[in-house]
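For reference, the structure is listed below as structure tokens.
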Amino acid sequence: MAGIKGIGEAHTYDGTNLRVGIVHARWNTKIIDALLQGTRKSLKAAGVKEENIVTQTVPGSYELPHAVQRMFVASQSQSSSGPSGLLTSATDLLSQSTGDLVGLPKESSSSKAEGHGKSGSQAPFDAIIAIGALIKGSTMHFEYISDAVSHGLMRVQLDTGCPVIFGLLTLLTEEQGLERAGIDAAGKGHNHGEDWGAAAVELGAKRKGWS
Ligand code: DLZ
């Protein structure tokens, strides 16, 4: 029998016209790689085109909020259609005044201008997924980073209006991470990346209707 935890009744949303960013940390690579695979699988299952999935990496989870913020602002300034979301005046100012600072190097994206109809321009991201795996050690490091990243990601999504999917695993053991990445030895886990991909498509699609 299915448990009570989880996302509830499954709905499908159409990702065909969505542009989705993924930023992932490189710490705990085995877990991260599986989560990334699950995320990409569900984005593509929902119809998101390969060229509209842009992936960036950062060293560790602590860097996620900054990278997500930069990625969204850069995508806005690259867009000839202008800002599409709610903006605080600070973010708005930033996107207008720091054109040369906003870009992060592209790492794994084939997102050229095709698909958006205009040479040299791309649509702003409809959602960005932040993926990291923090494993508790013997100091307070884990608590500080978990707290900072959670609040940072929430702040970025409220400041920019771009949905930010919380793909941060805060783990007491490595085994918990393997389970949540669907690669534990017992095979009882579930790849949470699949849920994050679906959440990005749902929020991205709904946001188009809300804005
Ligand atoms: C330093 C550190 C440690 C100890 N553990 C993790 C971890 O389990 N997961 C993770 O994503 N990052 C870790 N980091 C790196 C920090 O997130 C960050 O990259 C550095 O402190 C540099 O800012």
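A note on labels: chains of the structure tokens are A, B, ... as shown, every chain counts residues from 1, and ligands are counted from 1 in their shown order.
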With only C-alpha atoms and all ligand atoms counted, collect every polymer residue having an atom within 12 Å of ligand 1; state the result as a VMD selection string.
chain A and resid 23 to 32 57 to 67 130 to 149 167 to 174 177
What does the structure give for the distance between CA of Ala34 (chain A) and CA of Glu50 (chain A), in Å to one decimal?
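If I compute the distance from CA of Ala34 (chain A) to CA of Glu50 (chain A), I get 17.9 Å.
Among the candidates A:Leu35, A:Ile4, A:Ala10, A:Ile128, the one nearest to His190 (chain A) when counting only C-alpha atoms is A:Leu35.
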List the neighbours of Ser79 (chain A) out to 7 Å using only C-alpha atoms; skip same-chain residues closer than 4 positions along the sequence, and give me the result as a PyMOL selection string.
chain A and resi 75+121-124
Just how far from CA of Gly182 (chain A) is CA of Met71 (chain A), in Å to one decimal?
28.1 Å
Separation of CA of Arg180 (chain A) from CA of Leu203 (chain A) in Å:
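CA of Arg180 (chain A) lies at a distance of 21.9 Å from CA of Leu203 (chain A).
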Using only C-alpha atoms, which residues sit within 12 Å of Ala199 (chain A) once same-chain residues fewer than 2 positions away are excluded, as a ChimeraX atom specification?
/A:7,10-15,20,39,42-43,46,126-130,163-167,192-197,201-207
Residues as selected, N, CA and C atoms, written as a compact mmCIF listing (two decimals), in the first residue's frame, can you do that?
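Written output follows (again_26.txt):
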# COMPACT_ATOMS: atom_id res chain seq x y z
N ILE A 7 3.81 13.60 -2.99
CA ILE A 7 3.31 14.79 -3.66
C ILE A 7 1.80 14.76 -3.89
N ALA A 10 -1.15 12.73 -8.95
CA ALA A 10 -0.27 13.19 -10.02
C ALA A 10 -1.04 13.98 -11.08
N HIS A 11 -0.55 15.14 -11.42
CA HIS A 11 -1.10 15.92 -12.52
C HIS A 11 0.01 16.04 -13.55
N THR A 12 -0.37 16.15 -14.78
CA THR A 12 0.69 16.39 -15.75
C THR A 12 0.57 17.80 -16.30
N TYR A 13 1.69 18.43 -16.41
CA TYR A 13 1.74 19.78 -16.96
C TYR A 13 2.63 19.74 -18.18
N ASP A 14 2.33 20.63 -19.10
CA ASP A 14 3.05 20.63 -20.38
C ASP A 14 4.29 21.53 -20.30
N GLY A 15 5.43 20.91 -20.50
CA GLY A 15 6.67 21.68 -20.42
C GLY A 15 7.22 22.10 -21.77
N VAL A 20 14.04 25.83 -18.53
CA VAL A 20 14.31 25.48 -17.14
C VAL A 20 15.82 25.46 -16.88
N THR A 39 16.10 14.33 -12.41
CA THR A 39 15.50 15.63 -12.71
C THR A 39 15.34 15.80 -14.22
N SER A 42 12.54 13.62 -15.75
CA SER A 42 11.14 14.07 -15.60
C SER A 42 10.88 15.36 -16.38
N LEU A 43 11.89 16.22 -16.53
CA LEU A 43 11.69 17.41 -17.35
C LEU A 43 11.38 17.00 -18.79
N ALA A 46 8.01 15.54 -19.39
CA ALA A 46 6.94 16.56 -19.42
C ALA A 46 7.02 17.40 -20.69
N ASP A 126 11.78 29.92 -16.81
CA ASP A 126 10.45 29.80 -16.20
C ASP A 126 10.55 29.19 -14.81
N ALA A 127 11.60 28.47 -14.56
CA ALA A 127 11.86 27.90 -13.23
C ALA A 127 13.33 27.49 -13.18
N ILE A 128 13.88 27.50 -11.99
CA ILE A 128 15.26 27.04 -11.80
C ILE A 128 15.27 26.03 -10.65
N ILE A 129 15.97 24.94 -10.87
CA ILE A 129 16.05 23.87 -9.85
C ILE A 129 17.45 23.92 -9.23
N ALA A 130 17.51 24.05 -7.92
CA ALA A 130 18.79 24.07 -7.20
C ALA A 130 19.00 22.71 -6.54
N PRO A 163 10.19 30.83 -10.01
CA PRO A 163 10.11 29.70 -9.09
C PRO A 163 11.47 29.01 -8.94
N VAL A 164 11.88 28.79 -7.70
CA VAL A 164 13.12 28.07 -7.43
C VAL A 164 12.75 26.77 -6.73
N ILE A 165 13.08 25.67 -7.34
CA ILE A 165 12.74 24.37 -6.77
C ILE A 165 13.82 23.94 -5.80
N PHE A 166 13.39 23.54 -4.61
CA PHE A 166 14.30 23.23 -3.52
C PHE A 166 14.80 21.79 -3.63
N GLY A 167 15.91 21.64 -4.31
CA GLY A 167 16.49 20.30 -4.47
C GLY A 167 17.69 20.10 -3.57
N HIS A 192 14.38 11.63 -5.84
CA HIS A 192 13.66 12.88 -5.63
C HIS A 192 13.84 13.87 -6.77
N GLY A 193 14.88 13.66 -7.56
CA GLY A 193 15.08 14.53 -8.72
C GLY A 193 13.87 14.50 -9.64
N GLU A 194 13.22 13.34 -9.72
CA GLU A 194 12.04 13.23 -10.60
C GLU A 194 10.93 14.16 -10.11
N ASP A 195 10.79 14.25 -8.80
CA ASP A 195 9.76 15.15 -8.23
C ASP A 195 10.12 16.62 -8.50
N TRP A 196 11.41 16.91 -8.41
CA TRP A 196 11.85 18.30 -8.62
C TRP A 196 11.62 18.74 -10.06
N GLY A 197 11.88 17.84 -11.00
CA GLY A 197 11.62 18.17 -12.41
C GLY A 197 10.14 18.45 -12.62
N VAL A 201 8.19 22.03 -13.75
CA VAL A 201 7.27 22.17 -14.88
C VAL A 201 5.92 22.72 -14.40
N GLU A 202 5.43 22.20 -13.28
CA GLU A 202 4.14 22.69 -12.75
C GLU A 202 4.22 24.19 -12.42
N LEU A 203 5.25 24.57 -11.70
CA LEU A 203 5.36 25.99 -11.30
C LEU A 203 5.62 26.89 -12.50
N GLY A 204 6.45 26.39 -13.43
CA GLY A 204 6.75 27.18 -14.63
C GLY A 204 5.49 27.40 -15.45
N ALA A 205 4.71 26.33 -15.61
CA ALA A 205 3.48 26.43 -16.41
C ALA A 205 2.45 27.33 -15.70
N LYS A 206 2.30 27.16 -14.40
CA LYS A 206 1.33 27.98 -13.66
C LYS A 206 1.74 29.44 -13.65
N ARG A 207 3.02 29.68 -13.50
CA ARG A 207 3.49 31.06 -13.44
C ARG A 207 3.20 31.81 -14.72
